[in-house]
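I have placed the structure first, in the form of structure tokens, so that the comments after it can refer back to it.
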Amino acid sequence: MTTTIFGDLLQKSGMSHLEVASELGLNEKTIRRYETGETTAKPRDIMALRGLVESGVKPIVRDTASFDFIDLFAGIGGLRLGFESVGGRCVFTSEWDRYSQKTYRANFPHDDHEINGDITKIDAADIPSHDLLLAGFPCQPFSIAGVSKKNALGRAHGFACDTQGTLFFDVQRIIAHHRPKAFLLENVKNLVSHDKGRTFATIREVLENELGYFIDWKVIDAKAWLPQHRERIFIAGFREDSGFSFEDFPMPDVLKGPKLGSILHPENGEEGPDSHFTGGNIARVSDKYTLTDHLWKYLQDYAAKHQAKGNGFGFGLVGPDNVARTLSARYFKDGSEILIRQEGRSPRRLTPRECARLMGFEEARGSSFKIPVSDTQAYRQFGNSVCVPVVKAVAEHMAPFILETLKSIRRVA
């Protein structure tokens, strides 16, 4: 039984938390906190809800899907999972990598649309209409690692990169053609500072002035939700001035986030064998994930050499009580950024299943996400992906504003 004024009104309204959030322009989590009294409801929000109750207003959703979205540079579907969790329906997918396509198909087998390939070869007119555009456009031209590598090779980076860097402009042409009600773009934290801020200034110029969208952005660290320090920028845009802002984004305490022990194979019989990742009666991690003595010595010598020079290069040796560094697409090479301590032997890499958990595609002890590719490809896919719980939190924050803009939501007495 509810014990707050807001909670009593919510019960009388007969509306869901998401429906009330949409009507009041609030986050669904805020509605739940108002209901329980965890957060004191603002008088204006109580008055607004009382007005809905007294007028008998009820939202009508057009069908089982609250809104339609397209999934560009889809990878293995991390952005999609976040927005499906708040009632979205994917109507178009584009991903050029054939191995990522294989993983995507395995986990979204019931789609009524095919996975389209290279977005640069797709006419915007051939993409179905949609309410929301999702795009984790390639980050290598802007990432710290990507820029360092290109500088070392004497190659261009950012918008000067003649391949991946220009893919942002494919996002631009699709938005210009379809004018979706909203979009969400995801990239590395370094996008903001790349080329002394000129790259991000160009992106803002395109989105705000050329396309006419109202945008806001936030760099979010996944370690509030997962045992991984992973900072990414999320850029949200709305065609109309909806009032959306990341200023009130509900950010959990990063100091109270989970530790690696929550996603590691327990190796004590609590979970069953998992493909070729673990085996035996107590599901021990396969020996193939343990570094050879030669590779472990090389990594230690390499770290010592750079430490002597005052550099920060080196491996990341962690245990169950730690938080990992950022999982990268190069993890398949030597696993050096996240090495798991082992008693009496060299450390080991994470298994692909543990990577799925580390990125939030699985629950802490889950094994339902299908990994139909080689370990090398799996490491690349998870390292290039997004942290699903972070996207879900962003989706929950955006959903009321998306729903508010939809002309198909009608109010009836």
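Ligands are numbered from 1 in the order shown, chains are lettered A, B, ... in the order of the structure tokens, and residues start at 1 in each chain.
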Mind running stretch 308-400 of chain A against stretch 202-225 of chain A at 10 Å and telling me each contacting residue's nearest atom pair with the distance in Å (one decimal), counting only C-alpha atoms, chain and number ascending, as a tab-separated table?
residue	atom	partner	partner_atom	distance
A:Val323	CA	A:Lys223	CA	7.6
A:Ala324	CA	A:Lys223	CA	8.8
A:Arg325	CA	A:Lys223	CA	9.7
A:Thr326	CA	A:Ala222	CA	9.6
A:Leu358	CA	A:Trp225	CA	9.8
A:Met359	CA	A:Ala222	CA	8.8
A:Gly360	CA	A:Trp225	CA	8.5
A:Val386	CA	A:Ala222	CA	9.3
A:Cys387	CA	A:Ala222	CA	6.7
A:Val388	CA	A:Ala222	CA	9.2
A:Pro389	CA	A:Trp225	CA	6.5
A:Val390	CA	A:Ala222	CA	6.3
A:Val391	CA	A:Ala222	CA	9.6
A:Ala393	CA	A:Trp225	CA	9.7
A:Val394	CA	A:Ile220	CA	9.7
(Q) Excluding stretch 174-177 of chain A and its own-chain neighbours fewer than 5 positions away, which residues fall within 9 Å of it when counting only C-alpha atoms? Please give them as an MDAnalysis selection string. (A) chainID A and resid 123:125 127 133 169 183 210:211
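The residue that comes closest to A:Asp287, out of A:His17, A:Arg348, A:Arg32, A:Arg173 and on the basis of only C-alpha atoms, is A:Arg348.
With only C-alpha atoms as the basis for measurement, A:Phe69 is the residue among A:Phe369, A:Phe315, A:Phe69, A:Phe238 that approaches A:Ser129 most closely.
Among A:Asp274, A:Asp126, A:Asp293, A:Glu28, the residue with the shortest atom-to-atom distance to A:Ser368, counting only C-alpha atoms, is A:Asp274.
Proximity to A:Ala41 was assessed for A:Gly7, A:Val188, A:Asp195, A:Leu72 counting only C-alpha atoms; the smallest distance is recorded for A:Gly7.
Every protein or nucleic acid residue with an atom no more than 10 Å from A:Pro372, counting only C-alpha atoms and leaving out same-chain residues fewer than 3 positions away, appears here: A:Tyr99, A:Ser100, A:Lys102, A:Thr103, A:Tyr104, A:Arg105, A:Ala106, A:Asn107, A:Phe369, A:Asp375, A:Gln377, A:Ala378.
Of the residues in stretch 139-313 of chain A, those given strand (DSSP E or B) by DSSP on the backbone are Ala182, Phe183, Leu184, Leu185, Glu186, Asn187, Val188, Phe214, Ile215, Asp216, Trp217, Lys218, Val219, Ile220, Asp221, Gln228, Glu231, Arg232, Ile233, Phe234, Ile235, Ala236, Gly237, Phe238, Thr278, Gly279, Arg284, Val285 and Thr290 of chain A.
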Q: Find the residues near A:Thr351: any atom within 10 Å, counting only C-alpha atoms, skip ones fewer than 5 places away on the same chain, and give them as an MDAnalysis selection string.
A: chainID A and resid 264:265 276:278 285:286 288:289 356:357 375 378:379
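Residue neighbourhood of A:Ile119, excluding near-sequence residues (fewer than 6 positions): Asp71, Leu72, Phe73, Ala74, Phe92, Thr93, Ser94, Glu95, Trp96, Asp97, Asp126, Ile127, Ala135, Phe137, Pro138, Gln164, Thr166, Leu167, Phe168, Phe169, Asp170, Val171, Gln172, Arg173 and Ile174 of chain A, at 12 Å, using only C-alpha atoms.
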So that I have them on file, write out the residues from the current selection with N, CA and C atoms, as a PDB file, in the first residue's frame.
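The resulting file, again03.pdb, is reproduced below:
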ATOM      1  N   ASP A  71      18.885   1.177 -35.829  1.00  0.00           N
ATOM      2  CA  ASP A  71      20.118   0.812 -35.142  1.00  0.00           C
ATOM      3  C   ASP A  71      21.273   0.884 -36.138  1.00  0.00           C
ATOM      4  N   LEU A  72      22.005   1.995 -36.148  1.00  0.00           N
ATOM      5  CA  LEU A  72      23.112   2.197 -37.088  1.00  0.00           C
ATOM      6  C   LEU A  72      24.439   1.878 -36.413  1.00  0.00           C
ATOM      7  N   PHE A  73      25.402   1.342 -37.202  1.00  0.00           N
ATOM      8  CA  PHE A  73      26.680   0.889 -36.646  1.00  0.00           C
ATOM      9  C   PHE A  73      26.367  -0.002 -35.450  1.00  0.00           C
ATOM     10  N   ALA A  74      25.507  -0.971 -35.701  1.00  0.00           N
ATOM     11  CA  ALA A  74      24.817  -1.701 -34.633  1.00  0.00           C
ATOM     12  C   ALA A  74      25.720  -2.589 -33.791  1.00  0.00           C
ATOM     13  N   PHE A  92      15.099  -1.182 -38.363  1.00  0.00           N
ATOM     14  CA  PHE A  92      16.160  -1.169 -39.373  1.00  0.00           C
ATOM     15  C   PHE A  92      17.488  -1.329 -38.654  1.00  0.00           C
ATOM     16  N   THR A  93      18.358  -2.165 -39.223  1.00  0.00           N
ATOM     17  CA  THR A  93      19.677  -2.408 -38.646  1.00  0.00           C
ATOM     18  C   THR A  93      20.739  -2.289 -39.728  1.00  0.00           C
ATOM     19  N   SER A  94      21.843  -1.633 -39.393  1.00  0.00           N
ATOM     20  CA  SER A  94      22.986  -1.553 -40.299  1.00  0.00           C
ATOM     21  C   SER A  94      24.261  -1.876 -39.535  1.00  0.00           C
ATOM     22  N   GLU A  95      25.001  -2.856 -40.023  1.00  0.00           N
ATOM     23  CA  GLU A  95      26.292  -3.242 -39.449  1.00  0.00           C
ATOM     24  C   GLU A  95      27.121  -3.894 -40.557  1.00  0.00           C
ATOM     25  N   TRP A  96      28.300  -3.358 -40.812  1.00  0.00           N
ATOM     26  CA  TRP A  96      29.077  -3.820 -41.971  1.00  0.00           C
ATOM     27  C   TRP A  96      29.903  -5.075 -41.690  1.00  0.00           C
ATOM     28  N   ASP A  97      30.313  -5.308 -40.432  1.00  0.00           N
ATOM     29  CA  ASP A  97      31.193  -6.426 -40.122  1.00  0.00           C
ATOM     30  C   ASP A  97      30.420  -7.746 -40.111  1.00  0.00           C
ATOM     31  N   ASP A 126      15.722   4.560 -48.571  1.00  0.00           N
ATOM     32  CA  ASP A 126      15.435   3.135 -48.413  1.00  0.00           C
ATOM     33  C   ASP A 126      15.337   2.722 -46.947  1.00  0.00           C
ATOM     34  N   ILE A 127      15.590   3.636 -46.048  1.00  0.00           N
ATOM     35  CA  ILE A 127      15.481   3.373 -44.614  1.00  0.00           C
ATOM     36  C   ILE A 127      14.062   3.724 -44.174  1.00  0.00           C
ATOM     37  N   ALA A 135      22.961   5.564 -32.994  1.00  0.00           N
ATOM     38  CA  ALA A 135      24.202   5.396 -33.757  1.00  0.00           C
ATOM     39  C   ALA A 135      25.410   5.469 -32.840  1.00  0.00           C
ATOM     40  N   PHE A 137      28.517   5.586 -33.750  1.00  0.00           N
ATOM     41  CA  PHE A 137      29.391   5.671 -34.929  1.00  0.00           C
ATOM     42  C   PHE A 137      30.842   5.422 -34.535  1.00  0.00           C
ATOM     43  N   PRO A 138      31.625   4.819 -35.435  1.00  0.00           N
ATOM     44  CA  PRO A 138      32.973   4.339 -35.098  1.00  0.00           C
ATOM     45  C   PRO A 138      33.810   5.378 -34.368  1.00  0.00           C
ATOM     46  N   GLN A 164      36.611   5.912 -41.593  1.00  0.00           N
ATOM     47  CA  GLN A 164      35.657   5.892 -40.485  1.00  0.00           C
ATOM     48  C   GLN A 164      35.239   7.279 -40.008  1.00  0.00           C
ATOM     49  N   THR A 166      34.507   9.907 -41.511  1.00  0.00           N
ATOM     50  CA  THR A 166      33.443  10.555 -42.273  1.00  0.00           C
ATOM     51  C   THR A 166      32.083   9.910 -42.032  1.00  0.00           C
ATOM     52  N   LEU A 167      32.031   8.821 -41.302  1.00  0.00           N
ATOM     53  CA  LEU A 167      30.764   8.124 -41.112  1.00  0.00           C
ATOM     54  C   LEU A 167      29.764   8.948 -40.309  1.00  0.00           C
ATOM     55  N   PHE A 168      30.238   9.921 -39.542  1.00  0.00           N
ATOM     56  CA  PHE A 168      29.307  10.807 -38.855  1.00  0.00           C
ATOM     57  C   PHE A 168      28.405  11.519 -39.860  1.00  0.00           C
ATOM     58  N   PHE A 169      28.940  11.805 -41.008  1.00  0.00           N
ATOM     59  CA  PHE A 169      28.162  12.540 -41.995  1.00  0.00           C
ATOM     60  C   PHE A 169      27.105  11.669 -42.662  1.00  0.00           C
ATOM     61  N   ASP A 170      27.245  10.342 -42.539  1.00  0.00           N
ATOM     62  CA  ASP A 170      26.148   9.466 -42.969  1.00  0.00           C
ATOM     63  C   ASP A 170      25.003   9.549 -41.971  1.00  0.00           C
ATOM     64  N   VAL A 171      25.342   9.708 -40.696  1.00  0.00           N
ATOM     65  CA  VAL A 171      24.308   9.949 -39.692  1.00  0.00           C
ATOM     66  C   VAL A 171      23.595  11.259 -40.029  1.00  0.00           C
ATOM     67  N   GLN A 172      24.376  12.260 -40.394  1.00  0.00           N
ATOM     68  CA  GLN A 172      23.806  13.567 -40.732  1.00  0.00           C
ATOM     69  C   GLN A 172      22.803  13.473 -41.885  1.00  0.00           C
ATOM     70  N   ARG A 173      23.171  12.766 -42.950  1.00  0.00           N
ATOM     71  CA  ARG A 173      22.282  12.731 -44.125  1.00  0.00           C
ATOM     72  C   ARG A 173      20.995  11.947 -43.823  1.00  0.00           C
ATOM     73  N   ILE A 174      21.075  10.941 -42.957  1.00  0.00           N
ATOM     74  CA  ILE A 174      19.882  10.166 -42.606  1.00  0.00           C
ATOM     75  C   ILE A 174      18.951  11.001 -41.716  1.00  0.00           C
TER      76      ILE A 174
END
